[in-house]
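Text of the file data-v3.tsv, holding TSV, N, CA and C atoms:
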chain	number	residue	atom	x	y	z
A	295	MET	N	-66.56	-73.10	120.18
A	295	MET	CA	-67.11	-74.42	119.97
A	295	MET	C	-68.23	-74.69	120.97
A	296	LYS	N	-68.04	-74.38	122.22
A	296	LYS	CA	-69.06	-74.64	123.23
A	296	LYS	C	-70.26	-73.72	123.02
A	297	PHE	N	-70.02	-72.51	122.53
A	297	PHE	CA	-71.10	-71.58	122.26
A	297	PHE	C	-72.01	-72.14	121.17
A	298	ARG	N	-71.43	-72.77	120.15
A	298	ARG	CA	-72.21	-73.34	119.04
A	298	ARG	C	-73.05	-74.52	119.52
A	299	LYS	N	-72.53	-75.30	120.46
A	299	LYS	CA	-73.28	-76.43	120.98
A	299	LYS	C	-74.56	-75.98	121.68
A	300	ILE	N	-74.55	-74.80	122.24
A	300	ILE	CA	-75.72	-74.25	122.91
A	300	ILE	C	-76.59	-73.49	121.93
A	301	LEU	N	-75.97	-72.75	121.03
A	301	LEU	CA	-76.69	-71.87	120.12
A	301	LEU	C	-77.60	-72.63	119.15
A	302	VAL	N	-77.11	-73.71	118.57
A	302	VAL	CA	-77.89	-74.44	117.56
A	302	VAL	C	-79.20	-74.99	118.12
A	303	PRO	N	-79.20	-75.68	119.26
A	303	PRO	CA	-80.49	-76.14	119.80
A	303	PRO	C	-81.42	-74.99	120.20
A	304	VAL	N	-80.86	-73.90	120.73
A	304	VAL	CA	-81.69	-72.76	121.11
A	304	VAL	C	-82.36	-72.16	119.88
A	305	VAL	N	-81.61	-72.02	118.78
A	305	VAL	CA	-82.20	-71.49	117.54
A	305	VAL	C	-83.28	-72.43	117.03
A	306	GLY	N	-83.06	-73.75	117.12
A	306	GLY	CA	-84.08	-74.70	116.70
A	306	GLY	C	-85.36	-74.57	117.50
A	307	VAL	N	-85.23	-74.43	118.81
A	307	VAL	CA	-86.42	-74.27	119.67
A	307	VAL	C	-87.11	-72.95	119.35
A	308	LEU	N	-86.34	-71.89	119.13
A	308	LEU	CA	-86.95	-70.60	118.79
A	308	LEU	C	-87.68	-70.66	117.45
A	309	LEU	N	-87.12	-71.35	116.48
A	309	LEU	CA	-87.80	-71.51	115.20
A	309	LEU	C	-89.11	-72.27	115.35
A	310	ILE	N	-89.10	-73.32	116.13
A	310	ILE	CA	-90.33	-74.09	116.36
A	310	ILE	C	-91.36	-73.24	117.11
A	311	ALA	N	-90.91	-72.49	118.11
A	311	ALA	CA	-91.84	-71.63	118.86
A	311	ALA	C	-92.41	-70.54	117.96
A	312	GLY	N	-91.58	-69.95	117.12
A	312	GLY	CA	-92.05	-68.93	116.19
A	312	GLY	C	-93.04	-69.49	115.17
A	313	ALA	N	-92.77	-70.71	114.71
A	313	ALA	CA	-93.69	-71.35	113.76
A	313	ALA	C	-95.03	-71.64	114.42
A	314	TYR	N	-95.01	-72.06	115.69
A	314	TYR	CA	-96.26	-72.32	116.40
A	314	TYR	C	-97.05	-71.03	116.58
A	315	ARG	N	-96.35	-69.97	116.93
A	315	ARG	CA	-97.03	-68.69	117.15
A	315	ARG	C	-97.64	-68.15	115.86
A	316	ALA	N	-96.92	-68.30	114.74
A	316	ALA	CA	-97.39	-67.75	113.48
A	316	ALA	C	-98.41	-68.65	112.77
A	317	TYR	N	-98.18	-69.97	112.77
A	317	TYR	CA	-99.02	-70.86	111.95
A	317	TYR	C	-99.65	-72.01	112.73
A	318	GLY	N	-99.38	-72.11	114.01
A	318	GLY	CA	-99.97	-73.20	114.80
A	318	GLY	C	-99.24	-74.50	114.56
A	319	TRP	N	-99.96	-75.61	114.74
A	319	TRP	CA	-99.33	-76.91	114.61
A	319	TRP	C	-98.84	-77.23	113.21
A	320	PRO	N	-99.50	-76.78	112.14
A	320	PRO	CA	-98.92	-77.01	110.80
A	320	PRO	C	-97.54	-76.34	110.65
A	321	GLY	N	-97.35	-75.17	111.25
A	321	GLY	CA	-96.05	-74.50	111.21
A	321	GLY	C	-94.99	-75.29	111.96
A	322	VAL	N	-95.38	-75.85	113.12
A	322	VAL	CA	-94.45	-76.68	113.89
A	322	VAL	C	-94.04	-77.89	113.07
A	323	ALA	N	-95.00	-78.52	112.40
A	323	ALA	CA	-94.70	-79.69	111.58
A	323	ALA	C	-93.75	-79.33	110.44
A	324	LEU	N	-93.95	-78.18	109.82
A	324	LEU	CA	-93.10	-77.75	108.71
A	324	LEU	C	-91.67	-77.48	109.19
A	325	VAL	N	-91.52	-76.72	110.26
A	325	VAL	CA	-90.19	-76.38	110.77
A	325	VAL	C	-89.49	-77.63	111.32
A	326	ALA	N	-90.22	-78.46	112.06
A	326	ALA	CA	-89.61	-79.68	112.58
A	326	ALA	C	-89.17	-80.60	111.44
A	327	GLY	N	-89.96	-80.68	110.39
A	327	GLY	CA	-89.57	-81.47	109.22
A	327	GLY	C	-88.32	-80.92	108.54
A	328	ALA	N	-88.23	-79.59	108.43
A	328	ALA	CA	-87.06	-78.97	107.83
A	328	ALA	C	-85.82	-79.21	108.68
A	329	LEU	N	-85.95	-79.09	110.01
A	329	LEU	CA	-84.82	-79.36	110.89
A	329	LEU	C	-84.38	-80.82	110.82
A	330	LEU	N	-85.34	-81.73	110.76
A	330	LEU	CA	-85.03	-83.14	110.64
A	330	LEU	C	-84.33	-83.43	109.31
A	331	MET	N	-84.78	-82.79	108.23
A	331	MET	CA	-84.14	-82.97	106.93
A	331	MET	C	-82.68	-82.49	106.97
A	332	PHE	N	-82.44	-81.36	107.62
A	332	PHE	CA	-81.08	-80.84	107.76
A	332	PHE	C	-80.20	-81.83	108.52
A	333	LEU	N	-80.72	-82.37	109.62
A	333	LEU	CA	-79.95	-83.35	110.40
A	333	LEU	C	-79.68	-84.62	109.60
A	334	LEU	N	-80.65	-85.08	108.84
A	334	LEU	CA	-80.46	-86.28	108.03
A	334	LEU	C	-79.44	-86.04	106.91
A	335	LEU	N	-79.45	-84.87	106.29
A	335	LEU	CA	-78.46	-84.55	105.26
A	335	LEU	C	-77.05	-84.52	105.85
A	336	HIS	N	-76.91	-83.92	107.02
A	336	HIS	CA	-75.60	-83.88	107.67
A	336	HIS	C	-75.12	-85.28	108.04
A	337	PHE	N	-76.01	-86.10	108.58
A	337	PHE	CA	-75.68	-87.47	108.94
A	337	PHE	C	-75.28	-88.26	107.70
A	338	ASN	N	-76.01	-88.09	106.60
A	338	ASN	CA	-75.72	-88.80	105.37
A	338	ASN	C	-74.35	-88.41	104.83
A	339	ARG	N	-74.00	-87.13	104.87
A	339	ARG	CA	-72.69	-86.68	104.40
A	339	ARG	C	-71.58	-87.27	105.27
A	340	THR	N	-71.78	-87.27	106.56
A	340	THR	CA	-70.78	-87.83	107.46
A	340	THR	C	-70.57	-89.31	107.18
A	341	MET	N	-71.64	-90.06	106.99
A	341	MET	CA	-71.52	-91.49	106.71
A	341	MET	C	-70.84	-91.74	105.37
A	342	GLN	N	-71.12	-90.90	104.37
A	342	GLN	CA	-70.49	-91.07	103.06
A	342	GLN	C	-68.98	-90.84	103.15
A	343	VAL	N	-68.56	-89.80	103.87
A	343	VAL	CA	-67.14	-89.51	104.04
A	343	VAL	C	-66.45	-90.67	104.76
A	344	LEU	N	-67.06	-91.16	105.83
A	344	LEU	CA	-66.46	-92.26	106.58
A	344	LEU	C	-66.46	-93.56	105.79
A	345	ARG	N	-67.48	-93.79	104.95
A	345	ARG	CA	-67.51	-94.98	104.12
A	345	ARG	C	-66.36	-94.97	103.12
A	346	ARG	N	-66.09	-93.80	102.52
A	346	ARG	CA	-64.97	-93.69	101.58
A	346	ARG	C	-63.64	-93.88	102.30
A	347	ALA	N	-63.53	-93.32	103.50
A	347	ALA	CA	-62.28	-93.42	104.26
A	347	ALA	C	-62.03	-94.84	104.75
A	348	ALA	N	-63.06	-95.63	104.91
A	348	ALA	CA	-62.90	-96.99	105.41
A	348	ALA	C	-62.19	-97.89	104.41
A	349	ASN	N	-62.19	-97.53	103.15
A	349	ASN	CA	-61.59	-98.36	102.11
A	349	ASN	C	-60.12	-98.04	101.87
A	350	ARG	N	-59.55	-97.12	102.63
A	350	ARG	CA	-58.15	-96.73	102.45
A	350	ARG	C	-57.37	-97.02	103.73
A	351	PRO	N	-56.06	-97.24	103.60
A	351	PRO	CA	-55.24	-97.43	104.81
A	351	PRO	C	-55.21	-96.17	105.67
A	352	ILE	N	-55.11	-96.34	106.96
A	352	ILE	CA	-55.07	-95.20	107.88
A	352	ILE	C	-53.80	-94.40	107.64
A	353	GLY	N	-53.96	-93.09	107.49
A	353	GLY	CA	-52.83	-92.20	107.35
A	353	GLY	C	-52.25	-92.10	105.95
A	354	SER	N	-52.93	-92.60	104.94
A	354	SER	CA	-52.41	-92.52	103.58
A	354	SER	C	-53.13	-91.43	102.80
A	355	VAL	N	-52.41	-90.84	101.87
A	355	VAL	CA	-52.97	-89.81	101.00
A	355	VAL	C	-52.27	-89.92	99.65
A	356	ALA	N	-52.95	-89.56	98.59
A	356	ALA	CA	-52.36	-89.66	97.26
A	356	ALA	C	-51.14	-88.74	97.11
A	357	SER	N	-51.27	-87.49	97.56
A	357	SER	CA	-50.16	-86.53	97.45
A	357	SER	C	-50.18	-85.61	98.66
A	358	ALA	N	-49.13	-85.68	99.46
A	358	ALA	CA	-49.04	-84.83	100.64
A	358	ALA	C	-48.89	-83.36	100.24
A	359	VAL	N	-48.23	-83.10	99.12
A	359	VAL	CA	-48.04	-81.72	98.65
A	359	VAL	C	-49.38	-81.10	98.27
A	360	MET	N	-50.22	-81.86	97.59
A	360	MET	CA	-51.54	-81.33	97.20
A	360	MET	C	-52.43	-81.15	98.42
A	361	LEU	N	-52.33	-82.05	99.37
A	361	LEU	CA	-53.09	-81.89	100.61
A	361	LEU	C	-52.65	-80.62	101.33
A	362	ASN	N	-51.35	-80.39	101.40
A	362	ASN	CA	-50.82	-79.19	102.03
A	362	ASN	C	-51.38	-77.93	101.37
A	363	ALA	N	-51.51	-77.96	100.05
A	363	ALA	CA	-52.02	-76.79	99.32
A	363	ALA	C	-53.50	-76.55	99.58
A	364	LYS	N	-54.24	-77.60	99.88
A	364	LYS	CA	-55.69	-77.47	100.07
A	364	LYS	C	-56.11	-77.15	101.51
A	365	LEU	N	-55.20	-77.30	102.45
A	365	LEU	CA	-55.55	-77.06	103.85
A	365	LEU	C	-55.57	-75.57	104.16
A	366	HIS	N	-56.47	-75.19	105.04
A	366	HIS	CA	-56.47	-73.83	105.60
A	366	HIS	C	-57.04	-73.89	107.02
A	367	ALA	N	-56.63	-72.93	107.82
A	367	ALA	CA	-57.02	-72.91	109.23
A	367	ALA	C	-58.54	-72.84	109.36
A	368	GLY	N	-59.07	-73.59	110.33
A	368	GLY	CA	-60.49	-73.58	110.60
A	368	GLY	C	-61.27	-74.72	109.96
A	369	GLN	N	-60.63	-75.49	109.08
A	369	GLN	CA	-61.33	-76.63	108.48
A	369	GLN	C	-61.61	-77.67	109.57
A	370	THR	N	-62.72	-78.36	109.42
A	370	THR	CA	-63.06	-79.39	110.38
A	370	THR	C	-62.32	-80.68	110.04
A	371	LEU	N	-62.22	-81.54	111.03
A	371	LEU	CA	-61.58	-82.84	110.81
A	371	LEU	C	-62.34	-83.63	109.76
A	372	LEU	N	-63.66	-83.55	109.75
A	372	LEU	CA	-64.46	-84.25	108.75
A	372	LEU	C	-64.12	-83.76	107.35
A	373	HIS	N	-63.91	-82.45	107.18
A	373	HIS	CA	-63.56	-81.91	105.87
A	373	HIS	C	-62.18	-82.39	105.42
A	374	VAL	N	-61.23	-82.46	106.32
A	374	VAL	CA	-59.90	-82.95	105.98
A	374	VAL	C	-59.95	-84.42	105.62
A	375	ILE	N	-60.75	-85.20	106.33
A	375	ILE	CA	-60.91	-86.62	106.00
A	375	ILE	C	-61.55	-86.75	104.62
A	376	ALA	N	-62.49	-85.87	104.29
A	376	ALA	CA	-63.10	-85.90	102.96
A	376	ALA	C	-62.06	-85.56	101.88
A	377	LEU	N	-61.15	-84.63	102.16
A	377	LEU	CA	-60.10	-84.29	101.20
A	377	LEU	C	-59.14	-85.45	100.96
A	378	THR	N	-58.76	-86.13	102.03
A	378	THR	CA	-57.77	-87.20	101.91
A	378	THR	C	-58.38	-88.54	101.57
A	379	ARG	N	-59.67	-88.69	101.85
A	379	ARG	CA	-60.38	-89.96	101.68
A	379	ARG	C	-59.76	-91.07	102.52
A	380	ALA	N	-59.15	-90.68	103.65
A	380	ALA	CA	-58.57	-91.65	104.58
A	380	ALA	C	-58.54	-91.03	105.97
A	381	LEU	N	-58.68	-91.88	106.97
A	381	LEU	CA	-58.53	-91.40	108.33
A	381	LEU	C	-57.07	-91.08	108.58
A	382	GLY	N	-56.81	-90.08	109.40
A	382	GLY	CA	-55.44	-89.73	109.72
A	382	GLY	C	-54.88	-90.64	110.80
A	383	GLU	N	-53.55	-90.76	110.80
A	383	GLU	CA	-52.87	-91.54	111.83
A	383	GLU	C	-52.76	-90.68	113.08
A	384	LEU	N	-53.41	-91.08	114.15
A	384	LEU	CA	-53.40	-90.31	115.39
A	384	LEU	C	-52.02	-90.35	116.02
A	385	ARG	N	-51.43	-89.17	116.26
A	385	ARG	CA	-50.07	-89.07	116.80
A	385	ARG	C	-50.05	-88.57	118.25
A	386	SER	N	-51.18	-88.23	118.80
A	386	SER	CA	-51.25	-87.73	120.17
A	386	SER	C	-52.04	-88.74	121.01
A	387	PRO	N	-51.95	-88.63	122.31
A	387	PRO	CA	-52.75	-89.53	123.16
A	387	PRO	C	-54.25	-89.37	122.87
A	388	LYS	N	-54.96	-90.47	122.96
A	388	LYS	CA	-56.39	-90.46	122.66
A	388	LYS	C	-57.15	-89.55	123.62
A	389	ASP	N	-58.13	-88.82	123.08
A	389	ASP	CA	-59.00	-87.92	123.84
A	389	ASP	C	-58.26	-86.81	124.56
A	390	GLU	N	-57.15	-86.35	123.98
A	390	GLU	CA	-56.40	-85.24	124.56
A	390	GLU	C	-56.32	-84.12	123.53
A	391	GLN	N	-56.52	-82.90	123.98
A	391	GLN	CA	-56.46	-81.74	123.10
A	391	GLN	C	-55.10	-81.09	123.21
A	392	PRO	N	-54.50	-80.58	122.16
A	392	PRO	CA	-54.91	-80.69	120.76
A	392	PRO	C	-54.61	-82.09	120.20
A	393	GLU	N	-55.33	-82.43	119.14
A	393	GLU	CA	-55.13	-83.73	118.48
A	393	GLU	C	-54.17	-83.55	117.32
A	394	HIS	N	-53.23	-84.48	117.18
A	394	HIS	CA	-52.26	-84.44	116.10
A	394	HIS	C	-52.49	-85.65	115.20
A	395	TYR	N	-52.61	-85.39	113.89
A	395	TYR	CA	-52.80	-86.46	112.91
A	395	TYR	C	-51.73	-86.33	111.84
A	396	ARG	N	-51.43	-87.46	111.18
A	396	ARG	CA	-50.45	-87.46	110.08
A	396	ARG	C	-51.03	-88.21	108.89
A	397	TRP	N	-50.82	-87.64	107.71
A	397	TRP	CA	-51.14	-88.29	106.45
A	397	TRP	C	-49.85	-88.39	105.64
A	398	THR	N	-49.53	-89.59	105.11
A	398	THR	CA	-48.29	-89.84	104.40
A	398	THR	C	-48.61	-90.32	102.99
A	399	ASP	N	-47.81	-89.87	102.01
A	399	ASP	CA	-48.00	-90.35	100.64
A	399	ASP	C	-46.97	-91.44	100.32
A	400	ALA	N	-47.03	-91.99	99.10
A	400	ALA	CA	-46.17	-93.10	98.72
A	400	ALA	C	-44.70	-92.69	98.63
A	401	GLY	N	-44.42	-91.42	98.39
A	401	GLY	CA	-43.04	-90.95	98.28
A	401	GLY	C	-42.37	-90.67	99.61
A	402	GLY	N	-43.08	-90.81	100.71
A	402	GLY	CA	-42.50	-90.57	102.02
A	402	GLY	C	-42.76	-89.18	102.57
A	403	SER	N	-43.36	-88.30	101.78
A	403	SER	CA	-43.73	-86.99	102.29
A	403	SER	C	-44.94	-87.13	103.19
A	404	TYR	N	-45.03	-86.28	104.19
A	404	TYR	CA	-46.18	-86.36	105.08
A	404	TYR	C	-46.59	-84.98	105.56
A	405	VAL	N	-47.85	-84.90	105.94
A	405	VAL	CA	-48.42	-83.67	106.49
A	405	VAL	C	-48.85	-83.96	107.92
A	406	ASP	N	-48.28	-83.22	108.86
A	406	ASP	CA	-48.69	-83.30	110.26
A	406	ASP	C	-49.69	-82.19	110.52
A	407	THR	N	-50.82	-82.53	111.11
A	407	THR	CA	-51.86	-81.54	111.38
A	407	THR	C	-52.15	-81.48	112.87
A	408	GLU	N	-52.62	-80.32	113.29
A	408	GLU	CA	-53.00	-80.12	114.69
A	408	GLU	C	-54.42	-79.58	114.72
A	409	PHE	N	-55.30	-80.30	115.42
A	409	PHE	CA	-56.70	-79.91	115.54
A	409	PHE	C	-57.00	-79.55	116.98
A	410	GLN	N	-57.64	-78.42	117.17
A	410	GLN	CA	-58.11	-78.00	118.49
A	410	GLN	C	-59.63	-77.97	118.44
A	411	ASP	N	-60.28	-78.80	119.24
A	411	ASP	CA	-61.74	-78.90	119.27
A	411	ASP	C	-62.33	-79.21	117.89
A	412	GLY	N	-61.66	-80.05	117.12
A	412	GLY	CA	-62.17	-80.47	115.83
A	412	GLY	C	-61.90	-79.52	114.68
A	413	LYS	N	-61.20	-78.41	114.94
A	413	LYS	CA	-60.88	-77.43	113.89
A	413	LYS	C	-59.38	-77.42	113.65
A	414	LEU	N	-58.99	-77.34	112.38
A	414	LEU	CA	-57.58	-77.33	112.01
A	414	LEU	C	-56.93	-76.04	112.48
A	415	ARG	N	-55.87	-76.17	113.27
A	415	ARG	CA	-55.17	-75.01	113.80
A	415	ARG	C	-53.86	-74.78	113.05
A	416	SER	N	-53.08	-75.84	112.82
A	416	SER	CA	-51.82	-75.68	112.10
A	416	SER	C	-51.47	-76.99	111.41
A	417	TRP	N	-50.56	-76.91	110.43
A	417	TRP	CA	-50.11	-78.09	109.71
A	417	TRP	C	-48.73	-77.81	109.14
A	418	THR	N	-47.96	-78.87	108.94
A	418	THR	CA	-46.63	-78.76	108.35
A	418	THR	C	-46.43	-79.88	107.35
A	419	LEU	N	-45.80	-79.54	106.25
A	419	LEU	CA	-45.44	-80.52	105.23
A	419	LEU	C	-43.98	-80.88	105.42
A	420	THR	N	-43.67	-82.16	105.44
A	420	THR	CA	-42.29	-82.63	105.56
A	420	THR	C	-42.01	-83.55	104.38
A	421	ARG	N	-40.91	-83.24	103.68
A	421	ARG	CA	-40.51	-84.07	102.54
A	421	ARG	C	-39.26	-84.84	102.92
A	422	PRO	N	-39.07	-86.02	102.36
A	422	PRO	CA	-37.90	-86.83	102.72
A	422	PRO	C	-36.60	-86.15	102.27
A	423	GLN	N	-35.52	-86.38	103.02
A	423	GLN	CA	-34.22	-85.77	102.73
A	423	GLN	C	-33.66	-86.23	101.39
A	424	ALA	N	-33.85	-87.48	101.02
A	424	ALA	CA	-33.30	-88.00	99.78
A	424	ALA	C	-33.86	-87.24	98.58
A	425	ALA	N	-35.13	-86.88	98.62
A	425	ALA	CA	-35.73	-86.13	97.52
A	425	ALA	C	-35.13	-84.73	97.42
A	426	GLU	N	-34.84	-84.10	98.55
A	426	GLU	CA	-34.28	-82.75	98.54
A	426	GLU	C	-32.86	-82.76	98.00
A	427	SER	N	-32.04	-83.77	98.35
A	427	SER	CA	-30.66	-83.80	97.87
A	427	SER	C	-30.60	-84.12	96.38
A	428	SER	N	-31.51	-84.94	95.88
A	428	SER	CA	-31.52	-85.26	94.44
A	428	SER	C	-32.05	-84.08	93.63
A	429	ASP	N	-32.92	-83.24	94.20
A	429	ASP	CA	-33.38	-82.05	93.51
A	429	ASP	C	-32.26	-81.03	93.36
A	430	ALA	N	-31.39	-80.94	94.32
A	430	ALA	CA	-30.29	-79.97	94.27
A	430	ALA	C	-29.26	-80.37	93.23
A	431	ALA	N	-29.13	-81.66	92.94
A	431	ALA	CA	-28.12	-82.13	91.99
A	431	ALA	C	-28.52	-81.94	90.58

Show how you would write the structure in this file as structure tokens.
Amino acid sequence: MKFRKILVPVVGVLLIAGAYRAYGWPGVALVAGALLMFLLLHFNRTMQVLRRAANRPIGSVASAVMLNAKLHAGQTLLHVIALTRALGELRSPKDEQPEHYRWTDAGGSYVDTEFQDGKLRSWTLTRPQAAESSDAA
């Protein structure tokens, strides 16, 4: 994660320097415009995901089982919020790593997730006991 924070700006500077060397100031304008467009697209996607999540209760999801099926290690917190269309219920102390979030559906099933540096590391699906005993009968 820390390597990426350094790598992305360095690559941007190298692209601008290469554009200046190859095409002069018009090249710098083209590359800077492309980088700005990329940043604006990313910002727009983030705002859209958060706008959708703002209209739902914190920690709610339509189906915890379907969420469990769609999760995989390495997903970002933003991607999980986009899947659930709701912010997760924070279960760990604020600003402490790893972060634990929970999403619960109407049936009482819930998915507990663990994020390390904004990336999904592990998750568990828990179903209510009453549902399990009625399935056995």

Discussion item. At a cut-off of 5 Å, using all atoms listed in the file, what residues contact range 348-357 of chain A? Leave out same-chain residues fewer than 5 positions from it and give the result as a list in words.
Written reply: Leu381, Gly382, Glu383, Arg396, Trp397, Thr398 and Asp399 of chain A

Worksheet item: Skipping near chain neighbours, those fewer than 4 positions away, what residues fall within 6 Å of Gln369 in chain A using all atoms listed in the file, listed as a PyMOL selection string?
Response: chain A and resi 373-374+412-414

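Here the question is which of A:Leu372, A:Ala316, A:Leu384, A:Val304 gets nearest to Ala347 in chain A using only C-alpha atoms, and that residue is A:Leu372.
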
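Each of A:Met360, A:Ala376, A:Tyr317, A:Leu334 was compared to Arg346 in chain A using only C-alpha atoms, and A:Ala376 turns out to be the nearest.
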
Worksheet item: Nearest to Asp411 in chain A: which of A:Val325, A:Leu344, A:Leu333, A:Leu371 is it, counting all atoms listed in the file?
Response: A:Leu371

Worksheet, complete the sentence: One residue among A:Ala328, A:Leu301, A:Ala358, A:Val343 is nearest to Gly401 in chain A when using only N, CA and C atoms, and that residue is A:Ala358

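Atom pair atom C of His336 in chain A / CA of Arg385 in chain A has a distance of 26.8 Å (rounded to one decimal).
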
Fill in: Between CA of Lys296 in chain A and CA of Ala323 in chain A, distance in Å (one decimal)
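Taking CA of Lys296 in chain A as the start and CA of Ala323 in chain A as the end point, the length is 28.6 Å.
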
Discussion item. Using Å and a single decimal, report how far atom N of Pro422 in chain A sits from atom N of Gln391 in chain A.
Written reply: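 Pair atom N of Gln391 in chain A / atom N of Pro422 in chain A returns 28.0 Å.
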
Which of chain A end up as strand (DSSP E or B) when DSSP is run on this backbone - answer as a compact mmCIF listing (two decimals) with N, CA and C atoms, in the frame of the given file?
# COMPACT_ATOMS: atom_id res chain seq x y z
N SER A 354 -52.93 -92.60 104.94
CA SER A 354 -52.41 -92.52 103.58
C SER A 354 -53.13 -91.43 102.80
N THR A 370 -62.72 -78.36 109.42
CA THR A 370 -63.06 -79.39 110.38
C THR A 370 -62.32 -80.68 110.04
N GLU A 383 -53.55 -90.76 110.80
CA GLU A 383 -52.87 -91.54 111.83
C GLU A 383 -52.76 -90.68 113.08
N LEU A 384 -53.41 -91.08 114.15
CA LEU A 384 -53.40 -90.31 115.39
C LEU A 384 -52.02 -90.35 116.02
N GLU A 393 -55.33 -82.43 119.14
CA GLU A 393 -55.13 -83.73 118.48
C GLU A 393 -54.17 -83.55 117.32
N HIS A 394 -53.23 -84.48 117.18
CA HIS A 394 -52.26 -84.44 116.10
C HIS A 394 -52.49 -85.65 115.20
N TYR A 395 -52.61 -85.39 113.89
CA TYR A 395 -52.80 -86.46 112.91
C TYR A 395 -51.73 -86.33 111.84
N ARG A 396 -51.43 -87.46 111.18
CA ARG A 396 -50.45 -87.46 110.08
C ARG A 396 -51.03 -88.21 108.89
N TRP A 397 -50.82 -87.64 107.71
CA TRP A 397 -51.14 -88.29 106.45
C TRP A 397 -49.85 -88.39 105.64
N THR A 398 -49.53 -89.59 105.11
CA THR A 398 -48.29 -89.84 104.40
C THR A 398 -48.61 -90.32 102.99
N TYR A 404 -45.03 -86.28 104.19
CA TYR A 404 -46.18 -86.36 105.08
C TYR A 404 -46.59 -84.98 105.56
N VAL A 405 -47.85 -84.90 105.94
CA VAL A 405 -48.42 -83.67 106.49
C VAL A 405 -48.85 -83.96 107.92
N ASP A 406 -48.28 -83.22 108.86
CA ASP A 406 -48.69 -83.30 110.26
C ASP A 406 -49.69 -82.19 110.52
N THR A 407 -50.82 -82.53 111.11
CA THR A 407 -51.86 -81.54 111.38
C THR A 407 -52.15 -81.48 112.87
N GLU A 408 -52.62 -80.32 113.29
CA GLU A 408 -53.00 -80.12 114.69
C GLU A 408 -54.42 -79.58 114.72
N PHE A 409 -55.30 -80.30 115.42
CA PHE A 409 -56.70 -79.91 115.54
C PHE A 409 -57.00 -79.55 116.98
N GLN A 410 -57.64 -78.42 117.17
CA GLN A 410 -58.11 -78.00 118.49
C GLN A 410 -59.63 -77.97 118.44
N LYS A 413 -61.20 -78.41 114.94
CA LYS A 413 -60.88 -77.43 113.89
C LYS A 413 -59.38 -77.42 113.65
N LEU A 414 -58.99 -77.34 112.38
CA LEU A 414 -57.58 -77.33 112.01
C LEU A 414 -56.93 -76.04 112.48
N ARG A 415 -55.87 -76.17 113.27
CA ARG A 415 -55.17 -75.01 113.80
C ARG A 415 -53.86 -74.78 113.05
N SER A 416 -53.08 -75.84 112.82
CA SER A 416 -51.82 -75.68 112.10
C SER A 416 -51.47 -76.99 111.41
N TRP A 417 -50.56 -76.91 110.43
CA TRP A 417 -50.11 -78.09 109.71
C TRP A 417 -48.73 -77.81 109.14
N THR A 418 -47.96 -78.87 108.94
CA THR A 418 -46.63 -78.76 108.35
C THR A 418 -46.43 -79.88 107.35
N LEU A 419 -45.80 -79.54 106.25
CA LEU A 419 -45.44 -80.52 105.23
C LEU A 419 -43.98 -80.88 105.42
N THR A 420 -43.67 -82.16 105.44
CA THR A 420 -42.29 -82.63 105.56
C THR A 420 -42.01 -83.55 104.38

Worksheet item: Among range 327-425 of chain A, which residues carry a DSSP assignment of alpha helix (DSSP H), reported as a VMD selection string?
Response: chain A and resid 327 to 348 358 to 364 371 to 378 423 to 425

Draw an axis-aligned box over all listed atoms of range 404-414 of chain A, pad each side with 8 Å, and write its centre and edge lengths in Å, one decimal, as lines of an AutoDock Vina configuration file.
center_x = -53.7
center_y = -81.2
center_z = 111.7
size_x = 33.3
size_y = 26.3
size_z = 31.1

Discussion item. Which residue is closest to Phe409 in chain A? Choose from A:His394, A:Arg298, A:Arg421, A:Lys364 and count all atoms listed in the file.
Written reply: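 Ranking A:His394, A:Arg298, A:Arg421, A:Lys364 by distance to Phe409 in chain A, first place goes to A:His394.
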
Practice prompt. Considering only C-alpha atoms, state which residue in the set A:Tyr404, A:Asn362, A:Thr370, A:Gly306 is at the smallest distance from Phe332 in chain A.
Written response: A:Gly306
